[in-house]
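Chemist: Sharing model-v7.cif, mmCIF, C-alpha atoms:
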```cif
data_run
#
loop_
_atom_site.label_atom_id
_atom_site.label_comp_id
_atom_site.auth_asym_id
_atom_site.auth_seq_id
_atom_site.Cartn_x
_atom_site.Cartn_y
_atom_site.Cartn_z
CA MET A 1 -0.47 3.80 -12.35
CA THR A 2 -2.68 2.84 -15.23
CA THR A 3 -6.37 3.05 -14.67
CA ASP A 4 -9.31 1.26 -16.22
CA PRO A 5 -11.09 3.87 -18.39
CA LEU A 6 -14.45 2.18 -17.72
CA ARG A 7 -14.02 2.32 -13.94
CA LYS A 8 -15.16 5.32 -11.94
CA PRO A 9 -12.51 7.02 -9.79
CA ALA A 10 -12.26 5.46 -6.34
CA PRO A 11 -13.60 7.46 -3.44
CA GLN A 12 -11.00 8.83 -1.07
CA ILE A 13 -11.15 8.41 2.68
CA SER A 14 -9.06 9.56 5.60
CA PRO A 15 -7.62 6.95 7.96
CA ALA A 16 -10.05 8.15 10.64
CA GLY A 17 -12.94 6.62 8.67
CA LEU A 18 -11.44 3.11 8.63
CA ARG A 19 -11.56 0.05 10.88
CA PRO A 20 -8.89 0.58 13.56
CA GLU A 21 -6.45 -2.07 12.29
CA LEU A 22 -6.57 -0.64 8.75
CA ALA A 23 -6.16 2.92 10.06
CA TRP A 24 -3.10 1.77 12.04
CA ALA A 25 -1.64 0.17 8.90
CA VAL A 26 -2.26 3.35 6.89
CA GLU A 27 -0.59 5.47 9.56
CA ALA A 28 2.41 3.12 9.76
CA ALA A 29 2.82 3.06 5.98
CA GLN A 30 2.57 6.83 5.72
CA ASN A 31 5.18 7.16 8.50
CA LYS A 32 7.61 5.57 6.04
CA LYS A 33 6.43 7.68 3.08
CA ALA A 34 4.37 4.98 1.36
CA PHE A 35 2.29 6.32 -1.51
CA ALA A 36 -0.71 5.19 -3.57
CA VAL A 37 -2.41 3.62 -0.54
CA THR A 38 -5.49 1.72 -1.66
CA LEU A 39 -7.94 -0.48 0.21
CA LEU A 40 -10.01 -3.17 -1.46
CA ASP A 41 -13.05 -4.42 0.43
CA LEU A 42 -13.49 -8.07 -0.58
CA ARG A 43 -16.32 -8.95 1.78
CA GLY A 44 -19.13 -10.83 0.05
CA LEU A 45 -16.91 -11.94 -2.83
CA GLY A 46 -16.01 -15.36 -1.44
CA ALA A 47 -12.43 -14.21 -0.97
CA PHE A 48 -10.03 -15.70 1.58
CA THR A 49 -9.79 -12.38 3.45
CA GLU A 50 -11.96 -9.33 4.06
CA SER A 51 -9.63 -6.64 2.72
CA PHE A 52 -6.49 -5.93 0.78
CA PHE A 53 -4.29 -3.02 1.84
CA LEU A 54 -2.01 -1.96 -1.03
CA CYS A 55 0.72 0.65 -1.06
CA SER A 56 3.92 1.44 -2.90
CA GLY A 57 7.48 2.36 -2.05
CA SER A 58 10.01 3.91 -4.40
CA SER A 59 12.80 1.37 -3.71
CA ASN A 60 13.32 -2.13 -2.33
CA ARG A 61 14.69 -0.67 0.91
CA GLN A 62 11.66 1.54 1.30
CA VAL A 63 9.35 -1.45 0.67
CA GLN A 64 11.12 -3.28 3.51
CA ALA A 65 10.93 -0.23 5.79
CA ILE A 66 7.20 0.19 5.12
CA SER A 67 6.48 -3.49 5.77
CA ASP A 68 8.62 -3.43 8.95
CA GLU A 69 6.77 -0.36 10.24
CA ILE A 70 3.34 -1.84 9.54
CA GLU A 71 4.27 -5.11 11.21
CA ASP A 72 5.83 -3.34 14.22
CA GLN A 73 2.96 -0.89 14.74
CA LEU A 74 0.29 -3.59 14.49
CA ALA A 75 2.26 -5.92 16.80
CA HIS A 76 2.45 -3.06 19.32
CA ARG A 77 -1.36 -3.04 19.25
CA GLY A 78 -1.63 -6.81 19.66
CA LEU A 79 -2.01 -7.86 16.01
CA ARG A 80 0.52 -10.43 14.87
CA VAL A 81 1.31 -11.30 11.29
CA PHE A 82 0.38 -14.89 10.44
CA HIS A 83 2.56 -15.13 7.36
CA ARG A 84 5.11 -12.99 5.52
CA GLU A 85 6.40 -13.40 1.97
CA GLY A 86 8.76 -11.56 -0.35
CA TYR A 87 10.73 -9.61 2.25
CA ASP A 88 14.21 -10.54 1.03
CA GLN A 89 13.59 -9.57 -2.60
CA ALA A 90 11.33 -6.66 -1.56
CA GLU A 91 9.62 -6.15 -4.92
CA TRP A 92 6.33 -7.25 -3.34
CA VAL A 93 6.03 -7.93 0.38
CA LEU A 94 2.90 -9.68 1.61
CA LEU A 95 1.84 -9.54 5.25
CA ASP A 96 -1.11 -11.76 6.24
CA PHE A 97 -3.03 -10.49 9.26
CA GLY A 98 -5.95 -12.87 8.74
CA SER A 99 -8.86 -10.49 8.19
CA PHE A 100 -6.72 -8.39 5.83
CA LEU A 101 -3.62 -8.75 3.70
CA VAL A 102 -1.01 -6.02 3.30
CA HIS A 103 0.71 -5.77 -0.09
CA VAL A 104 3.71 -3.43 -0.26
CA PHE A 105 5.07 -3.06 -3.79
CA THR A 106 7.70 -1.28 -5.77
CA GLU A 107 5.99 0.77 -8.47
CA ARG A 108 7.16 -1.63 -11.18
CA ALA A 109 5.81 -4.72 -9.38
CA ARG A 110 2.51 -3.03 -8.60
CA LEU A 111 1.95 -2.15 -12.23
CA TYR A 112 2.93 -5.65 -13.33
CA TYR A 113 0.69 -7.59 -10.94
CA ASP A 114 -2.14 -5.00 -11.00
CA LEU A 115 -4.14 -6.42 -8.09
CA GLU A 116 -6.59 -3.55 -8.36
CA ARG A 117 -7.60 -4.87 -11.79
CA LEU A 118 -7.63 -8.53 -10.75
CA TRP A 119 -9.86 -7.75 -7.75
CA ARG A 120 -11.85 -4.96 -9.42
CA SER A 121 -15.13 -6.43 -8.19
CA GLY A 122 -14.08 -5.36 -4.67
CA ARG A 123 -15.00 -1.92 -3.39
CA ARG A 124 -11.94 0.28 -3.83
CA THR A 125 -11.06 3.19 -1.57
CA ASP A 126 -7.98 5.36 -2.03
CA VAL A 127 -6.27 7.08 0.90
CA PRO A 128 -4.80 10.47 -0.02
CA ASP A 129 -1.01 10.60 0.05
CA ILE A 130 0.35 12.82 2.80
CA ASP A 131 2.65 14.60 0.33
CA ALA A 132 -0.16 15.15 -2.18
CA ALA A 133 -2.34 16.67 0.53
CA ALA A 134 0.55 19.01 1.37
CA GLY A 135 1.02 19.95 -2.31
CA ASN A 136 4.33 18.10 -2.75
CA PRO A 137 4.99 16.10 -5.94
CA PRO A 138 4.90 12.27 -5.75
CA PRO A 139 8.21 10.44 -5.29
CA SER A 140 10.21 9.49 -8.34
CA GLU A 141 11.55 5.99 -8.84
CA SER A 142 14.52 7.40 -10.74
CA GLY A 143 16.00 8.75 -7.50
CA PRO A 144 19.10 10.88 -7.23
CA SER A 145 21.54 11.14 -10.08
CA ARG A 146 25.30 10.63 -9.70
CA HIS A 147 25.53 14.31 -8.86
CA GLY A 148 22.91 14.20 -6.10
CA ALA A 149 20.11 15.90 -8.03
CA VAL A 150 16.85 14.12 -8.67
CA GLU A 151 16.39 13.40 -12.34
CA PRO A 152 12.98 13.86 -14.02
#
```
Translate the structure of the given file into structure tokens.
Modeler:
Amino acid sequence: MTTDPLRKPAPQISPAGLRPELAWAVEAAQNKKAFAVTLLDLRGLGAFTESFFLCSGSSNRQVQAISDEIEDQLAHRGLRVFHREGYDQAEWVLLDFGSFLVHVFTERARLYYDLERLWRSGRRTDVPDIDAAAGNPPPSESGPSRHGAVEP
């Protein structure tokens, strides 16, 4: 992802330090191997919601799986989605939970729409990727080649 050279790196936080509903969303997304999980705190900005939850998947199917898992896990805890958009195309799925919005992107769509830049006045917090914490490389959008090997 491109970063704004004038912007300081975002602090990182573990899911345990979050409001419960955001921690549940992080856990659900990470269960489906979401990466680049970012939270934007929009309180005090006159926004239509308190927070944005952003994450990425490496394919359209993974974007759908991540959004399904988040919706299912939050519903299990009594939180229902008010509105859902983009599921069929799965480049950018939006789940509206009222006090926060979940945005699940493909890498290409996330770079294109760049919500982190558009909402840069919000307080940004990055959640470490599970694979990065374990020392594994980030997923590649190129995926497997015709011969089954992952191409660089």
Chemist: Find the residues near Thr49 of chain A: any atom within 12 Å, counting all atoms listed in the file, skip ones fewer than 4 places away on the same chain, and give them as a PyMOL selection string.
Modeler: chain A and resi 40-45+53+96-102+122
Chemist: With the PyMOL selection byres ((chain A and resi 124) around 6) as the selection, what would be picked from this file? Answer as a ChimeraX atom specification, please.
Modeler: /A:10,39-40,123,125
Chemist: Pull C-alpha atoms from the residues just selected and write them as an mmCIF file, in the coordinates of the input.
Modeler:
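Final file, selection_17.cif:
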```cif
data_model
loop_
_atom_site.group_PDB
_atom_site.id
_atom_site.type_symbol
_atom_site.label_atom_id
_atom_site.label_comp_id
_atom_site.auth_asym_id
_atom_site.auth_seq_id
_atom_site.Cartn_x
_atom_site.Cartn_y
_atom_site.Cartn_z
ATOM 1 C CA ALA A 10 -12.260 5.460 -6.340
ATOM 2 C CA LEU A 39 -7.940 -0.480 0.210
ATOM 3 C CA LEU A 40 -10.010 -3.170 -1.460
ATOM 4 C CA ARG A 123 -15.000 -1.920 -3.390
ATOM 5 C CA THR A 125 -11.060 3.190 -1.570
#
```
Chemist: Evaluate the PyMOL selection byres ((chain A and resi 108) around 10) and record the selected residues as a list of chain:residue names, following the chain and residue labels used in the document.
Modeler: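 Applied to this file, the PyMOL selection byres ((chain A and resi 108) around 10) selects A:Met1, A:Ser56, A:Gly57, A:Ser58, A:Ser59, A:Glu91, A:Trp92, A:Phe105, A:Thr106, A:Glu107, A:Ala109, A:Arg110, A:Leu111, A:Tyr112, A:Tyr113, A:Asp114, A:Glu141.
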Chemist: Nearest to Gln89 of chain A: which of A:Ala23, A:Ala29, A:Val127, A:Val63 is it, counting all atoms listed in the file?
Modeler: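 Ranked by minimum distance to Gln89 of chain A, first place goes to A:Val63.
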Chemist: Nearest residue to Ala34 of chain A out of A:Val81, A:Leu118, A:Leu18, A:Ile70, using all atoms listed in the file?
Modeler: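 Once distances to Ala34 of chain A are computed over all atoms listed in the file, the minimum belongs to A:Ile70.
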Chemist: Which one is closest to Glu21 of chain A: A:Val37, A:Leu74, A:Leu115, A:Ile130? Count all atoms listed in the file.
Modeler: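 Among the listed residues, the smallest separation from Glu21 of chain A belongs to A:Leu74.
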Chemist: To one decimal in Å, tell me the separation between atom CA of Glu27 of chain A and atom CA of Gln73 of chain A.
Modeler: 8.9 Å
Chemist: Which one of A:Val104, A:Arg19, A:Glu71, A:Asp88 sits closest to Cys55 of chain A if you count all atoms listed in the file?
Modeler: A:Val104
Chemist: Report the distance between atom CA of Lys32 of chain A and atom CA of Ala65 of chain A in Å, rounded to one decimal place.
Modeler: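 Computing the Euclidean distance for atom CA of Lys32 of chain A and atom CA of Ala65 of chain A yields 6.7 Å.
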Chemist: To one decimal in Å, tell me the separation between atom CA of Arg80 of chain A and atom CA of Arg117 of chain A.
Modeler: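 Here the two named atoms are 28.4 Å from each other.
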Chemist: Counting all atoms listed in the file, figure out which residue out of A:Gly86, A:Thr38, A:Gly46, A:Asp72 gets nearest to Asn60 of chain A.
Modeler: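 Once distances to Asn60 of chain A are computed over all atoms listed in the file, the minimum belongs to A:Gly86.
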Chemist: Would you compute the box with edges along x, y and z of the file around segment 38-52 of chain A, including every atom the file lists for it and 8 Å extra on each side, and give its centre and edge lengths in Å to one decimal, as JSON?
Modeler:
```
{"center_x": -12.3, "center_y": -7.0, "center_z": 0.6, "size_x": 29.6, "size_y": 33.4, "size_z": 22.9}
```
